[in-house]
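Novice: Provided herewith is a single structure, encoded as structure tokens, for subsequent inquiry.
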Amino acid sequence: MAKIIILIAGLGAALYLWAWIKVRYQQQGRPFAIKATLVACALLLVGLAAIGRIHWLGAVLASALAGMRFLLPIIFKSLPLLAPFLKRAHAEQSHSDANSNTVNSSDMSKDEAFAILGLDNSASEEEIVMAHRRLIQKLHPDTGGNEYLATQLNLAKEVLLKE
């Protein structure tokens with residue numbers, strides 16, 4: 001008899017909750033649906049942890065991940081000192097990226113260019129091209145090389161073939 005009463009009370013609560021969710025969804029739309037879904041998932045995880053179907057730490061971590069969608073904006077609003085540091089770090093990163101990509105041939109001497117290509121000062125144009133081709137095949141970023149080294153090789157070839 002007690003099980004039947006609990007079952008009827010549970011069904012009544014579920015019907016009331018369903019009607020409440022339906023009205024709130026019609027009023028607020030998609031944001032409410034997302035929040036309700038995340039809360040339902042968190043409650044399901046906590047329930048599974050309570051009956052021993054999932055480790056409690058897993059339920060806490062999964063619920064925390066779901067709640068991060070709401071916590072991150074609150075954290076950023078409550079910590080206004082964080083914004084200038086993030087802007088400065090982003091500006092420094094973009095500034096260093098812009099500086100690293102703007103290398104021109106005036107930055108390299110002919111002796112440096114010969115050293116980069118592994119040639120002596122009496123190398124012919126054909127030897128320069130062949131040395132560049134051999135090294136760029138090894139050091140190109142598409143073949144697992146380094147972008148900086150490939151840029152230096154191209155710059156060395158450009159400096160030596162400008163003559």
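In the structure tokens, each chain is lettered A, B, ... as it comes, each chain's residues begin at 1, and ligands are numbered from 1 in order of appearance.
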Residues within 10 Å of Ala115 of chain A, please, as an MDAnalysis selection string. Count only C-alpha atoms; anything in the same chain fewer than 6 positions from it doesn't count.

Specialist: chainID A and resid 109 121 156

Novice: Kindly save the residues from that selection, with N, CA and C atoms included, as a PDB file, in the first residue's frame.

Specialist:
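Written file, again24.pdb:
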ATOM      1  N   SER A 109      72.638  38.889 -43.680  1.00  0.00           N
ATOM      2  CA  SER A 109      73.785  39.162 -44.545  1.00  0.00           C
ATOM      3  C   SER A 109      74.026  37.960 -45.467  1.00  0.00           C
ATOM      4  N   ASN A 121      81.228  30.600 -49.869  1.00  0.00           N
ATOM      5  CA  ASN A 121      80.944  31.873 -50.535  1.00  0.00           C
ATOM      6  C   ASN A 121      81.071  31.815 -52.053  1.00  0.00           C
ATOM      7  N   ALA A 156      67.260  33.112 -46.895  1.00  0.00           N
ATOM      8  CA  ALA A 156      68.649  32.937 -47.334  1.00  0.00           C
ATOM      9  C   ALA A 156      68.726  32.781 -48.844  1.00  0.00           C
TER      10      ALA A 156
END

Novice: Segment 30-43 of chain A: which residues within 12 Å, counting only C-alpha atoms, same-chain residues fewer than 4 positions away excluded, as a ChimeraX atom specification?

Specialist: /A:17-18,20-26,47-50,56,58-70

Novice: Counting only C-alpha atoms, which residue out of A:Ile54, A:Ala2, A:Ala14, A:Val159 sits closest to Met108 of chain A?

Specialist: A:Val159

Novice: Which neighbours of segment 149-152 of chain A fall inside 7 Å, counting only C-alpha atoms, when residues of the same chain fewer than 4 positions from it are skipped, and could you give them as a PyMOL selection string?

Specialist: chain A and resi 136+139-140+156

Novice: What does the structure give for the distance between atom CA of Pro141 of chain A and atom CA of Asp120 of chain A, in Å to one decimal?

Specialist: 26.2 Å
